[in-house]
>>> print(open('start18.cif').read())   # mmCIF, C-alpha atoms
data_run
#
loop_
_atom_site.label_atom_id
_atom_site.label_comp_id
_atom_site.auth_asym_id
_atom_site.auth_seq_id
_atom_site.Cartn_x
_atom_site.Cartn_y
_atom_site.Cartn_z
CA MET A 1 0.00 0.00 0.00
CA SER A 2 1.40 3.42 -0.93
CA VAL A 3 1.43 6.10 1.75
CA GLY A 4 2.08 9.82 1.61
CA ILE A 5 1.52 13.26 3.05
CA VAL A 6 -2.16 14.19 2.73
CA SER A 7 -1.68 17.53 4.46
CA TYR A 8 0.87 19.60 6.35
CA GLY A 9 0.95 22.71 8.49
CA ALA A 10 3.64 24.90 10.04
CA TYR A 11 3.89 27.43 12.83
CA ILE A 12 6.65 29.97 13.57
CA PRO A 13 6.48 32.58 16.36
CA LYS A 14 6.50 36.22 15.27
CA TYR A 15 9.37 37.27 17.50
CA ARG A 16 12.99 37.35 16.25
CA ILE A 17 16.41 38.30 17.52
CA LYS A 18 19.30 39.11 15.21
CA VAL A 19 22.62 37.30 15.58
CA GLU A 20 24.35 40.68 15.89
CA ASP A 21 22.31 41.53 19.01
CA ILE A 22 23.38 38.29 20.72
CA ALA A 23 27.00 38.83 19.65
CA ARG A 24 26.98 42.37 21.04
CA VAL A 25 26.22 41.06 24.54
CA TRP A 26 28.98 38.43 24.52
CA GLY A 27 31.61 40.45 22.65
CA ASP A 28 31.69 38.19 19.61
CA ASP A 29 32.18 39.30 16.01
CA ALA A 30 28.70 39.25 14.47
CA ASP A 31 29.97 39.38 10.88
CA ILE A 32 32.19 36.34 11.36
CA LEU A 33 29.38 34.46 13.12
CA SER A 34 26.79 35.25 10.46
CA ALA A 35 29.15 34.28 7.67
CA GLY A 36 30.27 31.08 9.41
CA LEU A 37 26.83 29.93 10.53
CA MET A 38 24.94 31.37 7.56
CA VAL A 39 22.27 32.46 10.05
CA ASN A 40 21.20 36.11 10.36
CA GLU A 41 18.36 35.86 12.89
CA LYS A 42 16.27 33.31 14.75
CA SER A 43 12.72 32.92 16.00
CA VAL A 44 11.87 33.35 19.68
CA PRO A 45 8.73 32.01 21.39
CA ASP A 46 6.32 34.41 23.04
CA MET A 47 5.96 34.28 26.83
CA ASP A 48 2.98 31.91 26.58
CA GLU A 49 4.34 29.67 23.81
CA ASP A 50 5.94 26.28 24.28
CA THR A 51 6.28 23.05 22.32
CA ALA A 52 2.65 22.11 23.04
CA THR A 53 1.15 25.39 21.78
CA ILE A 54 3.40 25.38 18.72
CA ALA A 55 2.46 21.76 17.95
CA VAL A 56 -1.25 22.60 18.31
CA GLU A 57 -0.99 25.53 15.88
CA ALA A 58 0.89 23.41 13.32
CA ALA A 59 -1.64 20.58 13.73
CA ARG A 60 -4.62 22.91 13.23
CA SER A 61 -3.05 24.27 10.05
CA ALA A 62 -2.50 20.74 8.76
CA VAL A 63 -6.14 19.82 9.42
CA ALA A 64 -7.34 23.03 7.74
CA ARG A 65 -5.11 22.84 4.66
CA ASN A 66 -6.81 19.75 3.21
CA ASN A 67 -10.08 19.98 5.17
CA ILE A 68 -9.33 16.81 7.15
CA ASP A 69 -11.92 15.31 9.50
CA PRO A 70 -9.93 14.99 12.79
CA LYS A 71 -11.89 11.88 13.74
CA ARG A 72 -10.07 10.05 10.92
CA ILE A 73 -6.73 10.64 12.67
CA GLY A 74 -5.98 7.43 14.52
CA ALA A 75 -2.50 8.34 15.79
CA VAL A 76 -0.83 11.55 16.97
CA TYR A 77 2.91 11.47 17.62
CA THR A 78 4.86 14.59 18.64
CA GLY A 79 8.64 14.60 18.33
CA SER A 80 10.55 17.14 20.41
CA GLU A 81 13.47 17.61 22.77
CA SER A 82 11.66 20.34 24.71
CA HIS A 83 8.36 18.73 25.73
CA PRO A 84 6.82 20.92 28.47
CA TYR A 85 6.29 17.95 30.79
CA ALA A 86 8.72 15.22 31.82
CA VAL A 87 5.71 13.03 32.58
CA LYS A 88 2.59 14.07 30.62
CA PRO A 89 2.43 13.68 26.84
CA THR A 90 2.34 16.64 24.50
CA SER A 91 0.51 14.51 21.94
CA THR A 92 -2.66 14.12 24.04
CA ILE A 93 -2.88 17.92 24.31
CA VAL A 94 -2.60 18.21 20.53
CA ALA A 95 -5.12 15.42 19.90
CA GLU A 96 -7.66 17.01 22.24
CA ALA A 97 -7.14 20.46 20.73
CA ILE A 98 -7.88 19.24 17.19
CA GLU A 99 -10.76 17.03 18.42
CA ALA A 100 -9.19 13.75 17.34
CA THR A 101 -9.86 12.04 20.69
CA PRO A 102 -10.76 9.55 22.08
CA ALA A 103 -10.57 6.70 19.53
CA MET A 104 -6.88 7.06 18.72
CA THR A 105 -3.37 6.40 20.00
CA ALA A 106 -0.89 9.07 21.07
CA ALA A 107 2.71 9.16 22.24
CA ASP A 108 5.67 11.51 22.41
CA PHE A 109 8.89 10.83 20.50
CA GLU A 110 12.46 11.86 21.35
CA PHE A 111 15.50 11.53 19.09
CA ALA A 112 17.00 15.01 19.21
CA CYS A 113 16.30 16.83 15.92
CA LYS A 114 14.90 13.85 14.00
CA ALA A 115 12.12 12.92 16.43
CA GLY A 116 9.55 14.40 14.03
CA THR A 117 10.69 12.35 11.05
CA ALA A 118 10.82 9.24 13.24
CA ALA A 119 7.15 9.97 13.98
CA ILE A 120 6.48 10.16 10.23
CA GLN A 121 7.97 6.69 9.79
CA ALA A 122 5.83 5.32 12.65
CA CYS A 123 2.71 6.80 11.05
CA MET A 124 3.73 5.30 7.70
CA GLY A 125 3.78 1.87 9.32
CA LEU A 126 0.40 2.27 11.02
CA VAL A 127 -1.27 3.66 7.91
CA GLY A 128 0.40 1.21 5.55
CA SER A 129 -0.68 -1.76 7.68
CA GLY A 130 -4.26 -0.51 7.78
CA MET A 131 -4.26 -0.12 11.56
CA VAL A 132 -5.25 3.56 11.27
CA ASP A 133 -6.80 5.68 8.53
CA LEU A 134 -4.62 8.75 9.08
CA GLY A 135 -1.65 9.45 11.34
CA MET A 136 -0.30 12.84 12.42
CA ALA A 137 3.44 13.31 12.93
CA ILE A 138 4.71 16.54 14.47
CA GLY A 139 8.19 17.97 14.93
CA ALA A 140 8.20 20.98 17.27
CA ASP A 141 10.65 22.62 19.62
CA VAL A 142 11.44 25.69 21.68
CA SER A 143 15.10 24.75 21.58
CA GLN A 144 17.61 25.69 24.24
CA GLY A 145 21.05 27.23 24.23
CA ALA A 146 22.99 28.28 27.34
CA PRO A 147 23.83 32.01 27.61
CA GLY A 148 27.03 32.66 25.71
CA ASP A 149 27.15 29.16 24.19
CA ALA A 150 27.49 28.72 20.43
CA LEU A 151 24.03 27.12 20.38
CA GLU A 152 22.45 30.37 21.53
CA TYR A 153 23.02 31.91 18.10
CA THR A 154 20.84 29.36 16.33
CA ALA A 155 18.47 27.63 18.83
CA ALA A 156 15.02 28.72 17.64
CA ALA A 157 11.29 27.89 17.94
CA GLY A 158 8.80 26.43 15.48
CA GLY A 159 7.03 23.30 14.38
CA VAL A 160 5.48 21.33 11.53
CA ALA A 161 2.71 18.74 11.44
CA CYS A 162 2.33 16.18 8.65
CA ILE A 163 -0.79 14.06 8.21
CA ILE A 164 0.04 10.68 6.69
CA GLY A 165 -2.55 8.71 4.70
CA SER A 166 -2.93 6.06 2.01
CA LYS A 167 -5.55 7.48 -0.37
CA GLU A 168 -3.68 8.76 -3.41
CA SER A 169 -6.52 11.13 -4.31
CA GLU A 170 -5.85 12.97 -1.03
CA MET A 171 -2.05 12.97 -1.06
CA VAL A 172 -0.08 16.13 -1.75
CA ALA A 173 3.10 14.04 -1.88
CA VAL A 174 3.62 10.29 -2.19
CA ILE A 175 6.38 8.92 0.05
CA GLU A 176 8.25 6.74 -2.43
CA ASP A 177 10.57 5.24 0.17
CA THR A 178 12.52 5.92 3.37
CA TYR A 179 15.83 4.75 4.85
CA SER A 180 17.49 5.27 8.24
CA PHE A 181 21.12 5.19 9.36
CA THR A 182 21.79 5.04 13.12
CA THR A 183 24.74 4.62 15.52
CA ASP A 184 25.52 5.43 19.15
CA THR A 185 27.47 8.67 18.67
CA PRO A 186 27.50 11.03 21.71
CA ASP A 187 27.64 14.37 19.88
CA PHE A 188 24.90 16.22 21.81
CA TRP A 189 22.90 15.51 24.97
CA ARG A 190 20.88 16.97 27.84
CA ARG A 191 20.51 15.08 31.09
CA GLU A 192 17.25 15.00 33.07
CA GLY A 193 16.88 18.26 35.02
CA MET A 194 19.53 20.14 33.07
CA PRO A 195 18.17 23.40 31.56
CA TYR A 196 20.59 23.45 28.62
CA PRO A 197 22.15 20.80 26.37
CA GLU A 198 25.84 20.11 25.95
CA HIS A 199 27.63 19.27 22.74
CA GLY A 200 30.61 17.05 22.09
CA GLY A 201 32.70 19.54 20.13
CA ARG A 202 34.60 17.53 17.51
CA PHE A 203 31.83 14.90 17.42
CA THR A 204 29.24 17.38 16.17
CA GLY A 205 30.36 17.66 12.54
CA GLU A 206 32.10 14.72 10.88
CA PRO A 207 31.18 11.70 13.06
CA GLY A 208 27.80 13.21 13.92
CA TYR A 209 25.99 15.24 11.27
CA PHE A 210 27.91 14.45 8.08
CA LYS A 211 28.36 10.70 8.66
CA HIS A 212 24.69 10.11 9.43
CA VAL A 213 23.13 12.47 6.89
CA SER A 214 25.31 11.16 4.08
CA GLY A 215 24.85 7.57 5.30
CA ALA A 216 21.05 7.83 5.24
CA ALA A 217 21.00 9.76 1.96
CA LYS A 218 23.35 7.39 0.14
CA GLY A 219 21.53 4.39 1.59
CA LEU A 220 18.18 5.57 0.23
CA MET A 221 19.51 6.43 -3.22
CA GLU A 222 21.23 3.04 -3.45
CA LYS A 223 18.04 1.31 -2.30
CA MET A 224 15.94 3.14 -4.90
CA GLY A 225 18.50 3.29 -7.68
CA THR A 226 18.26 7.10 -7.85
CA SER A 227 20.79 9.92 -7.96
CA PRO A 228 20.70 13.65 -7.13
CA SER A 229 19.82 14.48 -10.74
CA ASP A 230 16.52 12.58 -10.33
CA TYR A 231 15.27 15.18 -7.84
CA ASP A 232 14.02 18.72 -8.33
CA ASN A 233 14.65 19.76 -4.73
CA ALA A 234 16.47 18.53 -1.65
CA VAL A 235 16.22 19.30 2.06
CA PHE A 236 18.75 18.46 4.76
CA HIS A 237 18.63 19.06 8.51
CA GLN A 238 19.45 22.71 9.16
CA PRO A 239 21.37 23.31 12.42
CA ASN A 240 22.84 26.28 10.54
CA GLY A 241 23.19 27.23 6.90
CA LYS A 242 26.71 25.87 6.48
CA PHE A 243 26.09 22.18 7.26
CA PRO A 244 23.20 21.50 4.82
CA SER A 245 24.98 23.45 2.08
CA ARG A 246 28.14 21.41 2.58
CA VAL A 247 26.46 18.00 2.78
CA ALA A 248 24.37 18.79 -0.31
CA LYS A 249 27.56 19.50 -2.24
CA MET A 250 29.19 16.32 -0.87
CA LEU A 251 26.25 14.25 -2.10
CA GLY A 252 26.03 15.95 -5.51
CA PHE A 253 23.02 18.23 -5.01
CA SER A 254 23.17 21.81 -6.28
CA LYS A 255 22.53 25.10 -4.50
CA GLU A 256 19.43 25.55 -6.64
CA GLN A 257 18.00 22.23 -5.45
CA ILE A 258 18.26 23.12 -1.75
CA LYS A 259 17.32 26.80 -2.06
CA PRO A 260 13.49 26.51 -1.64
CA GLY A 261 13.80 24.67 1.67
CA LEU A 262 16.82 26.44 3.15
CA VAL A 263 14.97 28.62 5.67
CA VAL A 264 17.51 28.55 8.50
CA PRO A 265 19.15 31.96 7.72
CA ARG A 266 15.86 33.72 8.63
CA LEU A 267 14.61 31.22 11.19
CA GLY A 268 17.39 29.48 13.07
CA ASN A 269 17.40 25.83 14.08
CA THR A 270 13.95 24.60 15.12
CA TYR A 271 15.47 21.23 16.13
CA SER A 272 12.74 18.58 15.65
CA GLY A 273 10.98 20.96 13.27
CA SER A 274 14.10 21.76 11.23
CA CYS A 275 14.04 19.27 8.35
CA MET A 276 10.24 19.16 8.36
CA MET A 277 10.15 22.97 8.06
CA GLY A 278 12.37 22.69 4.99
CA ILE A 279 10.03 20.06 3.53
CA ALA A 280 7.00 22.29 4.19
CA ALA A 281 8.72 25.30 2.61
CA THR A 282 9.58 23.20 -0.44
CA LEU A 283 6.03 21.84 -0.76
CA ASP A 284 4.79 25.45 -0.60
CA LYS A 285 6.62 26.11 -3.87
CA ALA A 286 6.63 22.68 -5.54
CA LYS A 287 4.88 21.78 -8.77
CA PRO A 288 2.96 18.57 -9.47
CA GLY A 289 5.40 15.86 -10.53
CA ASP A 290 8.36 17.34 -8.66
CA ARG A 291 10.48 14.94 -6.66
CA ILE A 292 11.88 16.00 -3.30
CA PHE A 293 14.73 14.33 -1.44
CA ALA A 294 14.97 14.98 2.31
CA THR A 295 17.24 13.81 5.11
CA ALA A 296 16.77 14.63 8.78
CA PHE A 297 19.47 14.30 11.45
CA GLY A 298 19.20 13.68 15.16
CA SER A 299 22.12 13.78 17.55
CA GLY A 300 22.88 10.59 19.39
CA ALA A 301 22.91 9.87 16.36
CA GLY A 302 20.87 9.04 13.29
CA GLY A 303 19.57 10.14 9.90
CA ASP A 304 16.17 9.55 8.25
CA ALA A 305 16.03 9.96 4.47
CA PHE A 306 12.85 10.24 2.37
CA SER A 307 11.93 10.42 -1.30
CA PHE A 308 8.73 12.33 -2.13
CA ARG A 309 6.80 12.75 -5.36
CA VAL A 310 4.49 15.78 -5.43
CA THR A 311 0.95 15.24 -6.78
CA ASP A 312 -1.61 17.46 -8.49
CA LYS A 313 -3.35 17.89 -5.12
CA ILE A 314 -0.70 20.39 -4.02
CA ASP A 315 -2.20 23.13 -6.20
CA GLU A 316 -5.61 22.68 -4.54
CA VAL A 317 -4.45 22.93 -0.92
CA ARG A 318 -1.24 24.99 -0.95
CA ASP A 319 -2.83 28.31 0.05
CA ALA A 320 -5.51 26.93 2.39
CA ALA A 321 -3.22 27.43 5.41
CA PRO A 322 -0.27 29.72 6.21
CA THR A 323 2.85 29.05 4.15
CA VAL A 324 6.32 29.01 5.67
CA GLU A 325 7.17 32.18 3.74
CA GLY A 326 4.07 33.85 5.15
CA LEU A 327 5.03 32.80 8.68
CA LEU A 328 8.53 34.22 8.21
CA ALA A 329 7.19 37.58 7.00
CA ASP A 330 6.73 40.70 9.17
CA PRO A 331 8.79 39.62 12.20
CA ILE A 332 8.85 41.52 15.50
CA TYR A 333 12.44 42.10 16.58
CA MET A 334 13.57 42.20 20.20
CA ASP A 335 16.78 43.07 22.03
CA TYR A 336 18.76 40.61 24.14
CA ALA A 337 17.13 41.63 27.42
CA MET A 338 13.62 40.92 26.11
CA TYR A 339 14.87 37.71 24.47
CA ALA A 340 16.36 36.53 27.77
CA LYS A 341 13.04 37.22 29.50
CA HIS A 342 11.08 35.32 26.86
CA LYS A 343 13.45 32.34 27.08
CA GLY A 344 13.43 32.20 30.88
CA LYS A 345 17.09 33.13 31.18
CA ILE A 346 16.01 35.86 33.60
CA ARG A 347 14.02 34.55 36.56
CA LEU A 348 12.47 36.21 39.60
CA ALA A 349 14.05 35.21 42.91
#
>>> encode(input="start18.cif", output="structure tokens")
Amino acid sequence: MSVGIVSYGAYIPKYRIKVEDIARVWGDDADILSAGLMVNEKSVPDMDEDTATIAVEAARSAVARNNIDPKRIGAVYTGSESHPYAVKPTSTIVAEAIEATPAMTAADFEFACKAGTAAIQACMGLVGSGMVDLGMAIGADVSQGAPGDALEYTAAAGGVACIIGSKESEMVAVIEDTYSFTTDTPDFWRREGMPYPEHGGRFTGEPGYFKHVSGAAKGLMEKMGTSPSDYDNAVFHQPNGKFPSRVAKMLGFSKEQIKPGLVVPRLGNTYSGSCMMGIAATLDKAKPGDRIFATAFGSGAGGDAFSFRVTDKIDEVRDAAPTVEGLLADPIYMDYAMYAKHKGKIRLA
């Protein structure tokens, strides 16, 4: 049974802080940082926004975009590394908010920045087996970065929901195949009770990101017998602008292929929402018949690669919910003091 994305929705907070305003506080060179990271600004959650509220907004947009009956959704899985509760699922909040309860299953996923795509794969299995009609997979985060740490320049907020189904007449994109590549590589972690994550320095790039993204991407293309030239667009996990640009070149994809989905310079790294945000941005601009290659990365570490084929349905539903470009437009900028307040870096005694 073929499965695919029958709808999708994104949410990005309005607030932004520029890299130069963070650099000014810590005495760093903003020009060098912006050039090296290829990130100019990042999104910041409002005082009353967290992973749950972001996931709900993305889920509502996904339901609205293709006029989905929520009662058809038999599974809701939310991937994040910033769930608001240690014990209390985000996914039940989302399911209740979109009125998908009670005849459904829900659970929260965690695999750093690829928890959302892992949820897509789980929904593919449930839908493909006939156990559920539709499954909703969400990647959402209000990601953390310690004051003065390199992560603070990119850790952003946002989320994407994808509804997975098996009726080709409803699909905006058929999932042609998927492939995962996973090892135990300690490149990034956050222990229970710790407010900020730590990263393993030299493990972050080569043995972490590049090994697993290229491993998953090459594995899928070998499995399918495809090459970069078979795809119109490509999306890779976006911790910054430099890494996806470099891995695309390593694999043989062009700058033009990754351009539609490369939103990180204006958004930052939305962690579990990162690759999915790139997929959503690409679908917003894709034409029927286009093929999209995507590979997510999660520290710890693993990569999930997907091959999508866009259908005629995309033209019917594209503008029925906010696009990623629309969500990035008209930002509200803040200084570091307001940013620190919004992110809970300043607390009352």
>>> residues_around(input="start18.cif", residues="Ser2 of chain A", least_positions_apart="4", cutoff="9 Å", atoms="all atoms listed in the file", output="list in words")
Gly128, Gly165, Ser166, Lys167, Glu168, Val174, Ile175 and Glu176 of chain A
>>> residues_around(input="start18.cif", residues="Val25 of chain A", least_positions_apart="5", cutoff="9 Å", atoms="all atoms listed in the file", output="ChimeraX atom specification")
/A:20,148,336
>>> atom_distance(input="start18.cif", atom1="atom CA of Ile164 of chain A", atom2="atom CA of Tyr8 of chain A")
9.0 Å
>>> atom_distance(input="start18.cif", atom1="atom CA of Ser43 of chain A", atom2="atom CA of Lys259 of chain A")
19.6 Å
>>> closest_atom_pairs(input="start18.cif", of="segment 101-211 of chain A", to="segment 284-295 of chain A", cutoff="9 Å", atoms="only C-alpha atoms", output="tab-separated table")
residue	atom	partner	partner_atom	distance
A:Thr117	CA	A:Thr295	CA	9.0
A:Val172	CA	A:Pro288	CA	8.6
A:Ala173	CA	A:Arg291	CA	8.8
>>> residues_around(input="start18.cif", residues="Met47 of chain A", least_positions_apart="2", cutoff="9 Å", atoms="all atoms listed in the file", output="PDB file with C-alpha atoms, in the frame of the given file")
ATOM      1  CA  PRO A  45       8.730  32.010  21.390  1.00  0.00           C
ATOM      2  CA  GLU A  49       4.340  29.670  23.810  1.00  0.00           C
ATOM      3  CA  ASP A  50       5.940  26.280  24.280  1.00  0.00           C
ATOM      4  CA  LYS A 341      13.040  37.220  29.500  1.00  0.00           C
ATOM      5  CA  HIS A 342      11.080  35.320  26.860  1.00  0.00           C
ATOM      6  CA  LYS A 343      13.450  32.340  27.080  1.00  0.00           C
ATOM      7  CA  GLY A 344      13.430  32.200  30.880  1.00  0.00           C
TER       8      GLY A 344
END
>>> atom_distance(input="start18.cif", atom1="atom CA of Ala320 of chain A", atom2="atom CA of Val63 of chain A")
10.0 Å
>>> decode(input="start18.cif", residues="segment 56-92 of chain A", atoms="C-alpha atoms", output="PDB file, in the first residue's frame")
ATOM      1  CA  VAL A  56      -1.250  22.598  18.310  1.00  0.00           C
ATOM      2  CA  GLU A  57      -0.993  25.527  15.881  1.00  0.00           C
ATOM      3  CA  ALA A  58       0.889  23.413  13.319  1.00  0.00           C
ATOM      4  CA  ALA A  59      -1.639  20.583  13.727  1.00  0.00           C
ATOM      5  CA  ARG A  60      -4.615  22.913  13.233  1.00  0.00           C
ATOM      6  CA  SER A  61      -3.048  24.273  10.050  1.00  0.00           C
ATOM      7  CA  ALA A  62      -2.496  20.737   8.764  1.00  0.00           C
ATOM      8  CA  VAL A  63      -6.136  19.822   9.422  1.00  0.00           C
ATOM      9  CA  ALA A  64      -7.341  23.026   7.741  1.00  0.00           C
ATOM     10  CA  ARG A  65      -5.108  22.842   4.655  1.00  0.00           C
ATOM     11  CA  ASN A  66      -6.815  19.747   3.210  1.00  0.00           C
ATOM     12  CA  ASN A  67     -10.079  19.981   5.174  1.00  0.00           C
ATOM     13  CA  ILE A  68      -9.329  16.815   7.153  1.00  0.00           C
ATOM     14  CA  ASP A  69     -11.921  15.313   9.504  1.00  0.00           C
ATOM     15  CA  PRO A  70      -9.934  14.993  12.785  1.00  0.00           C
ATOM     16  CA  LYS A  71     -11.887  11.879  13.743  1.00  0.00           C
ATOM     17  CA  ARG A  72     -10.071  10.053  10.916  1.00  0.00           C
ATOM     18  CA  ILE A  73      -6.732  10.638  12.668  1.00  0.00           C
ATOM     19  CA  GLY A  74      -5.977   7.428  14.521  1.00  0.00           C
ATOM     20  CA  ALA A  75      -2.495   8.343  15.788  1.00  0.00           C
ATOM     21  CA  VAL A  76      -0.827  11.549  16.972  1.00  0.00           C
ATOM     22  CA  TYR A  77       2.909  11.473  17.619  1.00  0.00           C
ATOM     23  CA  THR A  78       4.864  14.589  18.637  1.00  0.00           C
ATOM     24  CA  GLY A  79       8.641  14.596  18.331  1.00  0.00           C
ATOM     25  CA  SER A  80      10.554  17.136  20.411  1.00  0.00           C
ATOM     26  CA  GLU A  81      13.474  17.608  22.774  1.00  0.00           C
ATOM     27  CA  SER A  82      11.659  20.340  24.706  1.00  0.00           C
ATOM     28  CA  HIS A  83       8.362  18.732  25.734  1.00  0.00           C
ATOM     29  CA  PRO A  84       6.824  20.918  28.474  1.00  0.00           C
ATOM     30  CA  TYR A  85       6.290  17.949  30.793  1.00  0.00           C
ATOM     31  CA  ALA A  86       8.724  15.223  31.817  1.00  0.00           C
ATOM     32  CA  VAL A  87       5.710  13.031  32.578  1.00  0.00           C
ATOM     33  CA  LYS A  88       2.594  14.069  30.621  1.00  0.00           C
ATOM     34  CA  PRO A  89       2.427  13.677  26.837  1.00  0.00           C
ATOM     35  CA  THR A  90       2.338  16.644  24.504  1.00  0.00           C
ATOM     36  CA  SER A  91       0.507  14.514  21.943  1.00  0.00           C
ATOM     37  CA  THR A  92      -2.656  14.121  24.043  1.00  0.00           C
TER      38      THR A  92
END
